[in-house]
Amino acid sequence: MANLNALTEFIKSGNRSKATKLTQEALDAGEVPQGILDAMVVGMDVVGERFKCNEIFVPEMLIAARAMKEAMAILEPALVKTGYKPIATAVIGTVQGDLHDIGKNLVSMMWKGASFNVVDLGVNVPAEKFVAAIKEHNATLVGLSALLTTTMPAMQTVMDAIRAEDFVGVKVLIGGAPITQNYADQIGADAFAADAASAVDAARKLLAN
Amino acid sequence: MANLNALTEFIKSGNRSKATKLTQEALDAGEVPQGILDAMVVGMDVVGERFKCNEIFVPEMLIAARAMKEAMAILEPALVKTGYKPIATAVIGTVQGDLHDIGKNLVSMMWKGASFNVVDLGVNVPAEKFVAAIKEHNATLVGLSALLTTTMPAMQTVMDAIRAEDFVGVKVLIGGAPITQNYADQIGADAFAADAASAVDAARKLLAN
Amino acid sequence: MSTHYTSLAIDDPTKLVFGHAPNPFTLRRGMVLGGGLVYPEINFTLPPMLIEAGTMNKVCTEYRQMITGVLKRAAELESPGVLVEFETLPPMTEHPDWGMQIVNILLDAMEEAHAKDGLASALRMTPNDNREMVRPPQMRSGIYWEGMLELFDRSAAAGAELLSIESVGGKELHDDALTMGDMQGSIFGLSVLGARDMKFLWTHIVEIAKRHGVHAAGDTACGFGNTAMVLAEQKMIPRVFAAVVRAVTAVRSLVAYECGAVGPGKDCGYENPILKAITGFPMSMEGKCASCAHFSPMGNLAAACCDTWSNESIQNVKLLGGMAPTMSMEQLIYDCRLMNVALGEGPKEVLKLRDWFVASDDSLDPQAYILRPDCCVQLAQAIISKDTPYTAARHVGLTAIDILRQAHADKSLKLSDRELPWLDTMTDTIQEMPDDENVLAQQVIATTEPGRFLPAEYGLTS
Amino acid sequence: MSTHYTSLAIDDPTKLVFGHAPNPFTLRRGMVLGGGLVYPEINFTLPPMLIEAGTMNKVCTEYRQMITGVLKRAAELESPGVLVEFETLPPMTEHPDWGMQIVNILLDAMEEAHAKDGLASALRMTPNDNREMVRPPQMRSGIYWEGMLELFDRSAAAGAELLSIESVGGKELHDDALTMGDMQGSIFGLSVLGARDMKFLWTHIVEIAKRHGVHAAGDTACGFGNTAMVLAEQKMIPRVFAAVVRAVTAVRSLVAYECGAVGPGKDCGYENPILKAITGFPMSMEGKCASCAHFSPMGNLAAACCDTWSNESIQNVKLLGGMAPTMSMEQLIYDCRLMNVALGEGPKEVLKLRDWFVASDDSLDPQAYILRPDCCVQLAQAIISKDTPYTAARHVGLTAIDILRQAHADKSLKLSDRELPWLDTMTDTIQEMPDDENVLAQQVIATTEPGRFLPAEYGLTS
Ligand SMILES: [Zn+2]
Ligand SMILES: [Zn+2]
Ligand SMILES: [Zn+2]
């Protein structure tokens, strides 16, 4: 078990080479893949907490996420063999007419750190593309971002397109500078995240329901 | 005809005693009551224009309105005999929960100056009272005022109560600091006046439709 | 047990400055009002929404969001302290339980910000004056009176350190006086009805404050002087008329201090510098940062003598950068920083910045002009030279008119042609008023339609 | 035909002040930018709403209401002039006809306010940079490029006197550099990609301006420096990182002036004081009045060297006192009045107020500190001492780090413990970068996933 604690530490410090090495060693030693994954997720959770408490900055968090991503690449084949499925598949994008990515990218990265499977559609994404991606990837979580007040209405369009399908259990979370809880209520989105950091908790809460 | 021009002038200058005296003289001389009324209205229109052009202040306008009101008291019996009806009867009030009168009082006064028959219900007026007054006075124009953002929703309540009745041709004009054209559209009011001065034109426009 | 001021706490205009008051005092978390620093005073309110039992959860969420946002920003910008004003909306005074729910939300957040970030703050509690909810207003008893007093009492017990109100006694006649340009009506509303009501009301507020060891802060003639200012900005009434009304409002607002209030006078009392000269208590002021609530012709000049600097009130709506109250908080903090830099450099520098604030606005509008520190001392002197609010009101009104006439003559103030005749009209009106306020009162009672106001509620017999 | 600056227009920090620029110029209605007065610069935008053919009537109504409201208030407050900025939203650049509809509404209202109230004003036209609408961005041709140029051309012909843009060349890599805390990526995005793009773009803008006899004003590294500032305010990235990015942005924004722009640099370019020291052109700045659009740690300090004073952008929403853009207008005018009072009293007084603005903010945040006038001159010197944007960027970055390190050492700047290690990290990174930008470019091209950016669009071969 000792090496899994170390794996947690390497994820926390963002040490890619040691994290990947240790993941391979753990697999070779016959550790249960889910146990290895849990050790990584604990590390990312600590990193997320530290960020929330203003102890570290985004770059430190991204470095940890990058270490986790590389270690996951090693772990994944073994995980999949055990029948493992990611907690959720999320589709994320900035709505049509809008060009802003930073917020969306941060959420995308943090969701990956929380071991969601994330499909990032980029910016200026039309409603049809969201719907198609939900179908294609069996997504249960959708993240919509808009930074312009003039593209907020495009969120409504996406919501309408999603609700027009017979998706079961698809939850939509929206965010971006001009967005409010009121607006989320108004267009029928399931949740609103005030910033990237709170998007993980918000998503987990949604998926738990 | 000369004395009617003078009447217009006395209304403009707010000379109560001369305006009332001249009205009586015109009646005694057999002038058509409608003609006398028109002379007064022309005076008030000029006063309204001057106000709009920032040539005079509200007090000067109110003094003219007071002169007109007193002259009207003399003219009215004769007018009524000719079958005259005021252009419109208006019901006006500040909505429930709200205490502000100044704006409402100014509109009320200006509508009187435009020779509308105005029923002022005061402040903190519940929806039922508006509906009852419209029925009682056969009003075709309703003015709603609110200064608090927390009493704006009471306008919606009044609108709903009015629309629930089968009134024909009742037009509703709303105003007050927090009110916008968008809000008027949203609650189904017929018009919005940004200030007391524009409430006359707005009302005339509504009634002309 | 009321004081009658017969001398000025500040008779030298160069001593009437921001950040320093002759009678400063300290709040529980260490902020010293009038003691050498200007603090931001933030006020915020709901966006358009209903307040009723069923919406109180939403109401509380809004207030929680607002207070958290503004305190967070204040801590980030390292404000030396924040005064938070909670000005209730009518249903919150009518139902003190609702008001108290919000009071506790605010106090909890302030406590948390103090514990977590070391941010000092204090709460000014301002129940709105519901007594005019019935017409004619019932001033001294009834459910509105009782709800208001209960809210004062409970919020002081809960931890609100400053008690204030925008009292409305006399407003039921004053509104019409404003739109009619009736200076006699204005003086009657302010110095006869208003002053009598304030004496009754503030005796009660001071008693509540004493009971809880908190401070009776001060009142404002908002519904009078600021209504006049807004009407003047809308070109409805002459600016000189609004300026003279402002001078007269000082007589009315002074009554709170005569009853035992200690400041800071409420933010929207633009008459406060006059009261600072008389009483020496710290004063709150608002100017350019209050343009979210109303425009004014003295956005900088209003800062000349402030001890806290306020935004008046802003709704919780979203702007591009975040919620509007947080925007206001940031603006106030930067304005205060500038004043505090000057305060840190000494009296000469304070005077320089103060004079720049004054020079920014004084020549362009009579309402700004009469609030120059030198004019404030002159007006304060006029007020204390008389024995009663009514005589003081007439005297300060005439003094204000003289100041404006002189300023126009020596070209230090620009007055438009259509304003000028009003100076003479107002002088005539004030001079022709009866010397005895009871004579005036009987005249007013006789000529006012019954049901407009209740003389007995002002201790007047008809 | 581009200039390369090798000396400073202002090398004495006491000459780097608000209201005066060594190279002022006069607009058509007589406003002199940098000639002794600070003018308000107002920018406003739509509330949440769609922009499409079917809503253009509503869009026009909003703009008509906004421009009428702000000009009315400016006239009432007797502003000596107003700069109006129209920053388009993407559909208005994509459909130049829509953009022009609004341009004409603005110009008509400005003409009317001039005729009726004698209010001087001028329009700054800022088409948003749509080129990143496709990914990877196509920088030098295509519908977005053409729409943007058409809008510049037609608005200049219609009467817009100042042409600006927030250009985005290099942003497609810079965003990630910011979130990764990657100083090499930031310098590459700004001084290799950004500077190359600006040279291409501004050569075109200057040509358009010349053709219509109007002024190419300036650019801003908004999407770079202000993104960094906002991320730092949200505690996402270190403040010292954002401060160094800001210093480097000056290298990029300078390119506009090298191509023939004459100022005023765009409001949100907090790097503008550095550029004023280099070029001597007037600059627009924004600070506390821009908190409607974003918070900042330099609400007062940003005013130190401004020639116009801006609110960045505010939406047309209703607040208690009126529409939000009118609120901004009033606030800006009062801030300008204060500066203009000091300007009226002479250089010593200007310097005093400027130093107060600086002292208000400089010790609390590294982003504020490096924009002290003395630091700006030092950074400007670092920039002009090098021959290419890339070498200047590295040098100014190191200079900024040195300034911060020194300020922290002598306790004139407070840096938190978790910020400090970043100074060394950044130094190491910059020192280890290749001396030849082409070597770096090839490295970046080799290690960046294809499709993130198009080297050829920046004149780079891969
Ligand atoms: Zn008030
Ligand atoms: Zn910008
Ligand atoms: Zn901008």
# chains A, B, ... in the order shown; residues from 1 in each chain; ligands from 1

call {"tool": "residues_near_ligand", "arguments": {"ligand": "ligand 1", "cutoff": "7 Å", "atoms": "only C-alpha atoms and all ligand atoms", "output": "ChimeraX atom specification"}}
result
/C:166,220,222,268,312

call {"tool": "residues_around", "arguments": {"residues": "Asn5 in chain A", "least_positions_apart": "4", "cutoff": "10 Å", "atoms": "only C-alpha atoms", "output": "ChimeraX atom specification"}}
result
/A:1,9-10,36,39-40,42-43

call {"tool": "residues_around", "arguments": {"residues": "range 305-307 of chain C", "least_positions_apart": "5", "cutoff": "8 Å", "atoms": "only C-alpha atoms", "output": "list in words"}}
result
Leu16, Val17, Phe18, Gly19, His20, Ala21, Leu33, Gly34, Leu37, Val38, Tyr39, Pro264, Pro273, Pro282, Met283, Ser284, Met285, Arg354 and Pro373 of chain C

call {"tool": "write_last_selection", "arguments": {"atoms": "C-alpha atoms", "output": "mmCIF file, in the first residue's frame"}}
result
data_model
loop_
_atom_site.group_PDB
_atom_site.id
_atom_site.type_symbol
_atom_site.label_atom_id
_atom_site.label_comp_id
_atom_site.auth_asym_id
_atom_site.auth_seq_id
_atom_site.Cartn_x
_atom_site.Cartn_y
_atom_site.Cartn_z
ATOM 1 C CA LEU C 16 -14.085 71.663 8.225
ATOM 2 C CA VAL C 17 -12.410 68.815 6.344
ATOM 3 C CA PHE C 18 -12.809 65.170 5.486
ATOM 4 C CA GLY C 19 -11.563 62.510 7.867
ATOM 5 C CA HIS C 20 -11.392 64.612 11.011
ATOM 6 C CA ALA C 21 -14.238 65.465 13.354
ATOM 7 C CA LEU C 33 -15.082 57.570 12.855
ATOM 8 C CA GLY C 34 -13.809 61.091 12.345
ATOM 9 C CA LEU C 37 -9.382 58.013 8.165
ATOM 10 C CA VAL C 38 -12.294 58.046 5.746
ATOM 11 C CA TYR C 39 -14.083 54.692 5.542
ATOM 12 C CA PRO C 264 -22.193 59.820 11.494
ATOM 13 C CA PRO C 273 -21.307 69.499 6.516
ATOM 14 C CA PRO C 282 -18.418 62.692 12.097
ATOM 15 C CA MET C 283 -20.578 62.662 9.007
ATOM 16 C CA SER C 284 -21.250 60.297 6.156
ATOM 17 C CA MET C 285 -21.507 61.755 2.683
ATOM 18 C CA ARG C 354 -10.584 69.294 -0.038
ATOM 19 C CA PRO C 373 -17.087 74.707 3.635
#

call {"tool": "residues_around", "arguments": {"residues": "Met31 in chain C", "least_positions_apart": "5", "cutoff": "12 Å", "atoms": "only C-alpha atoms", "output": "list in words"}}
result
Pro24, Phe25, Thr26, Gly36, Leu37, Val38, Tyr39, Pro40, Ser79, Pro80, Gly81, Val82, Leu83, Leu119, Ala120, Ser121, Ala122, Leu123, Glu161, Asp307 and Thr308 of chain C

call {"tool": "residues_around", "arguments": {"residues": "Gly35 in chain B", "least_positions_apart": "5", "cutoff": "12 Å", "atoms": "only C-alpha atoms", "output": "ChimeraX atom specification"}}
result
/B:1,3-5,7-8,23,26-27,30,40-42,75,78-79,82,84

call {"tool": "residues_near_ligand", "arguments": {"ligand": "ligand 2", "cutoff": "12 Å", "atoms": "only C-alpha atoms and all ligand atoms", "output": "ChimeraX atom specification"}}
result
/C:320-321 /D:43,85,87-88,126-129,164-168,219-230,265-271,284-286,290,293-294,310-313

call {"tool": "select_by_dssp", "arguments": {"residues": "range 255-408 of chain C", "states": "helix (DSSP H, G or I)", "output": "VMD selection string"}}
result
chain C and resid 255 to 258 272 to 279 288 to 290 301 to 303 324 to 345 347 to 361 366 to 369 373 to 384 389 to 408

call {"tool": "interface_residues", "arguments": {"of": "chain C", "to": "chain D", "cutoff": "7 Å", "atoms": "only C-alpha atoms", "output": "number ranges by chain"}}
result
C: 288-289, 291-295, 299-300, 314-315, 319-321, 327, 330-331, 334, 337-338, 341, 356-357, 359-360

call {"tool": "select_by_dssp", "arguments": {"residues": "range 27-198 of chain B", "states": "strand (DSSP E or B)", "output": "PyMOL selection string"}}
result
chain B and resi 89-95+117-120+125+141-145+171-175+191-193

call {"tool": "residues_around", "arguments": {"residues": "range 148-157 of chain B", "least_positions_apart": "3", "cutoff": "8 Å", "atoms": "only C-alpha atoms", "output": "list in words"}}
result
Val95, Gln96, Gly97, Asp98, Ala127, Leu144, Asp160, Ala161, Ala177, Pro178, Ile179 and Ile187 of chain B; Leu46, Pro47, Pro48, Met49, Leu50, Ile51 and Leu89 of chain C

call {"tool": "write_last_selection", "arguments": {"atoms": "all heavy atoms", "output": "compact mmCIF listing (two decimals), in the first residue's frame"}}
result
# COMPACT_ATOMS: atom_id res chain seq x y z
N VAL B 95 -48.83 51.95 -6.98
CA VAL B 95 -49.26 50.57 -6.71
C VAL B 95 -49.04 50.17 -5.25
O VAL B 95 -48.33 50.83 -4.51
CB VAL B 95 -48.55 49.56 -7.64
CG1 VAL B 95 -48.93 49.82 -9.09
CG2 VAL B 95 -47.05 49.59 -7.42
N GLN B 96 -49.64 49.06 -4.92
CA GLN B 96 -49.60 48.57 -3.54
C GLN B 96 -48.17 48.39 -3.02
O GLN B 96 -47.30 47.91 -3.72
CB GLN B 96 -50.31 47.22 -3.47
CG GLN B 96 -50.46 46.72 -2.06
CD GLN B 96 -51.67 45.82 -1.89
OE1 GLN B 96 -52.06 45.10 -2.81
NE2 GLN B 96 -52.30 45.87 -0.74
N GLY B 97 -47.98 48.83 -1.78
CA GLY B 97 -46.68 48.69 -1.15
C GLY B 97 -45.80 49.91 -1.37
O GLY B 97 -44.76 50.05 -0.74
N ASP B 98 -46.22 50.79 -2.26
CA ASP B 98 -45.38 51.93 -2.61
C ASP B 98 -46.02 53.23 -2.13
O ASP B 98 -47.24 53.38 -2.17
CB ASP B 98 -45.15 51.99 -4.12
CG ASP B 98 -43.82 52.63 -4.46
OD1 ASP B 98 -43.49 53.66 -3.84
OD2 ASP B 98 -43.11 52.10 -5.32
N ALA B 127 -54.75 46.19 -6.38
CA ALA B 127 -55.23 45.95 -7.75
C ALA B 127 -56.75 46.08 -7.84
O ALA B 127 -57.28 46.68 -8.78
CB ALA B 127 -54.79 44.55 -8.21
N LEU B 144 -50.13 53.75 -13.84
CA LEU B 144 -49.58 53.05 -12.68
C LEU B 144 -48.18 53.57 -12.39
O LEU B 144 -47.35 53.67 -13.29
CB LEU B 144 -49.48 51.54 -12.94
CG LEU B 144 -50.75 50.80 -13.36
CD1 LEU B 144 -50.43 49.32 -13.56
CD2 LEU B 144 -51.84 50.97 -12.31
N ASP B 160 -52.58 42.03 -14.53
CA ASP B 160 -53.32 40.76 -14.61
C ASP B 160 -54.78 40.97 -14.25
O ASP B 160 -55.68 40.44 -14.92
CB ASP B 160 -52.69 39.72 -13.66
CG ASP B 160 -51.29 39.30 -14.14
OD1 ASP B 160 -50.93 39.64 -15.29
OD2 ASP B 160 -50.56 38.66 -13.35
N ALA B 161 -55.02 41.75 -13.20
CA ALA B 161 -56.41 41.99 -12.76
C ALA B 161 -57.20 42.73 -13.84
O ALA B 161 -58.36 42.42 -14.10
CB ALA B 161 -56.40 42.79 -11.46
N ALA B 177 -39.22 55.45 -11.41
CA ALA B 177 -37.77 55.35 -11.58
C ALA B 177 -37.29 53.98 -12.08
O ALA B 177 -36.46 53.92 -12.98
CB ALA B 177 -37.06 55.72 -10.29
N PRO B 178 -37.76 52.87 -11.51
CA PRO B 178 -37.16 51.60 -11.93
C PRO B 178 -37.75 51.01 -13.22
O PRO B 178 -37.30 49.98 -13.69
CB PRO B 178 -37.46 50.66 -10.75
CG PRO B 178 -38.69 51.21 -10.12
CD PRO B 178 -38.70 52.70 -10.40
N ILE B 179 -38.76 51.67 -13.77
CA ILE B 179 -39.51 51.09 -14.89
C ILE B 179 -38.79 51.33 -16.22
O ILE B 179 -38.19 52.38 -16.43
CB ILE B 179 -40.92 51.70 -14.97
CG1 ILE B 179 -41.60 51.65 -13.59
CG2 ILE B 179 -41.76 51.00 -16.02
CD1 ILE B 179 -41.74 50.27 -13.03
N ILE B 187 -44.83 42.99 -18.92
CA ILE B 187 -46.08 42.79 -18.18
C ILE B 187 -47.30 43.12 -19.03
O ILE B 187 -48.43 43.04 -18.55
CB ILE B 187 -46.12 43.62 -16.87
CG1 ILE B 187 -46.19 45.13 -17.14
CG2 ILE B 187 -44.92 43.29 -15.98
CD1 ILE B 187 -46.48 45.95 -15.89
N LEU C 46 -32.16 45.06 -3.15
CA LEU C 46 -32.60 43.98 -4.02
C LEU C 46 -32.79 44.43 -5.45
O LEU C 46 -33.16 45.57 -5.70
CB LEU C 46 -33.94 43.42 -3.52
CG LEU C 46 -33.93 42.76 -2.14
CD1 LEU C 46 -35.37 42.44 -1.72
CD2 LEU C 46 -33.09 41.49 -2.16
N PRO C 47 -32.60 43.53 -6.40
CA PRO C 47 -33.05 43.81 -7.77
C PRO C 47 -34.58 43.74 -7.75
O PRO C 47 -35.16 43.37 -6.74
CB PRO C 47 -32.46 42.65 -8.56
CG PRO C 47 -32.38 41.53 -7.59
CD PRO C 47 -32.08 42.16 -6.26
N PRO C 48 -35.22 44.09 -8.86
CA PRO C 48 -36.68 44.03 -8.89
C PRO C 48 -37.19 42.65 -8.47
O PRO C 48 -36.89 41.65 -9.11
CB PRO C 48 -37.01 44.31 -10.36
CG PRO C 48 -35.87 45.14 -10.84
CD PRO C 48 -34.68 44.64 -10.11
N MET C 49 -37.89 42.58 -7.37
CA MET C 49 -38.49 41.31 -6.91
C MET C 49 -39.48 41.60 -5.79
O MET C 49 -39.43 42.64 -5.15
CB MET C 49 -37.41 40.34 -6.44
CG MET C 49 -36.67 40.74 -5.18
SD MET C 49 -35.35 39.57 -4.74
CE MET C 49 -36.30 38.13 -4.27
N LEU C 50 -40.37 40.66 -5.60
CA LEU C 50 -41.36 40.76 -4.53
C LEU C 50 -40.72 40.41 -3.19
O LEU C 50 -39.84 39.56 -3.13
CB LEU C 50 -42.49 39.78 -4.78
CG LEU C 50 -43.72 40.27 -5.53
CD1 LEU C 50 -44.69 39.10 -5.71
CD2 LEU C 50 -44.40 41.41 -4.78
N ILE C 51 -41.21 41.04 -2.14
CA ILE C 51 -40.83 40.62 -0.79
C ILE C 51 -42.10 40.15 -0.09
O ILE C 51 -42.99 40.95 0.20
CB ILE C 51 -40.23 41.77 0.01
CG1 ILE C 51 -39.07 42.41 -0.76
CG2 ILE C 51 -39.73 41.28 1.38
CD1 ILE C 51 -38.55 43.67 -0.11
N LEU C 89 -36.46 47.78 3.21
CA LEU C 89 -37.57 48.09 2.32
C LEU C 89 -38.85 47.91 3.14
O LEU C 89 -38.86 47.19 4.14
CB LEU C 89 -37.52 47.16 1.11
CG LEU C 89 -36.36 47.52 0.17
CD1 LEU C 89 -35.92 46.35 -0.67
CD2 LEU C 89 -36.74 48.71 -0.72

call {"tool": "interface_residues", "arguments": {"of": "chain B", "to": "chain C", "cutoff": "12 Å", "atoms": "only C-alpha atoms", "output": "PyMOL selection string"}}
result
chain B and resi 48+50-66+94-107+109+121-125+146-157+177-180+183+194-197

call {"tool": "residues_around", "arguments": {"residues": "Leu254 in chain D", "least_positions_apart": "6", "cutoff": "12 Å", "atoms": "only C-alpha atoms", "output": "PyMOL selection string"}}
result
chain D and resi 2-5+190-191+194-196+198-199+202+217-221+247-248+260-263+265-266+269+271-281+380+383-384+388-389+392-393
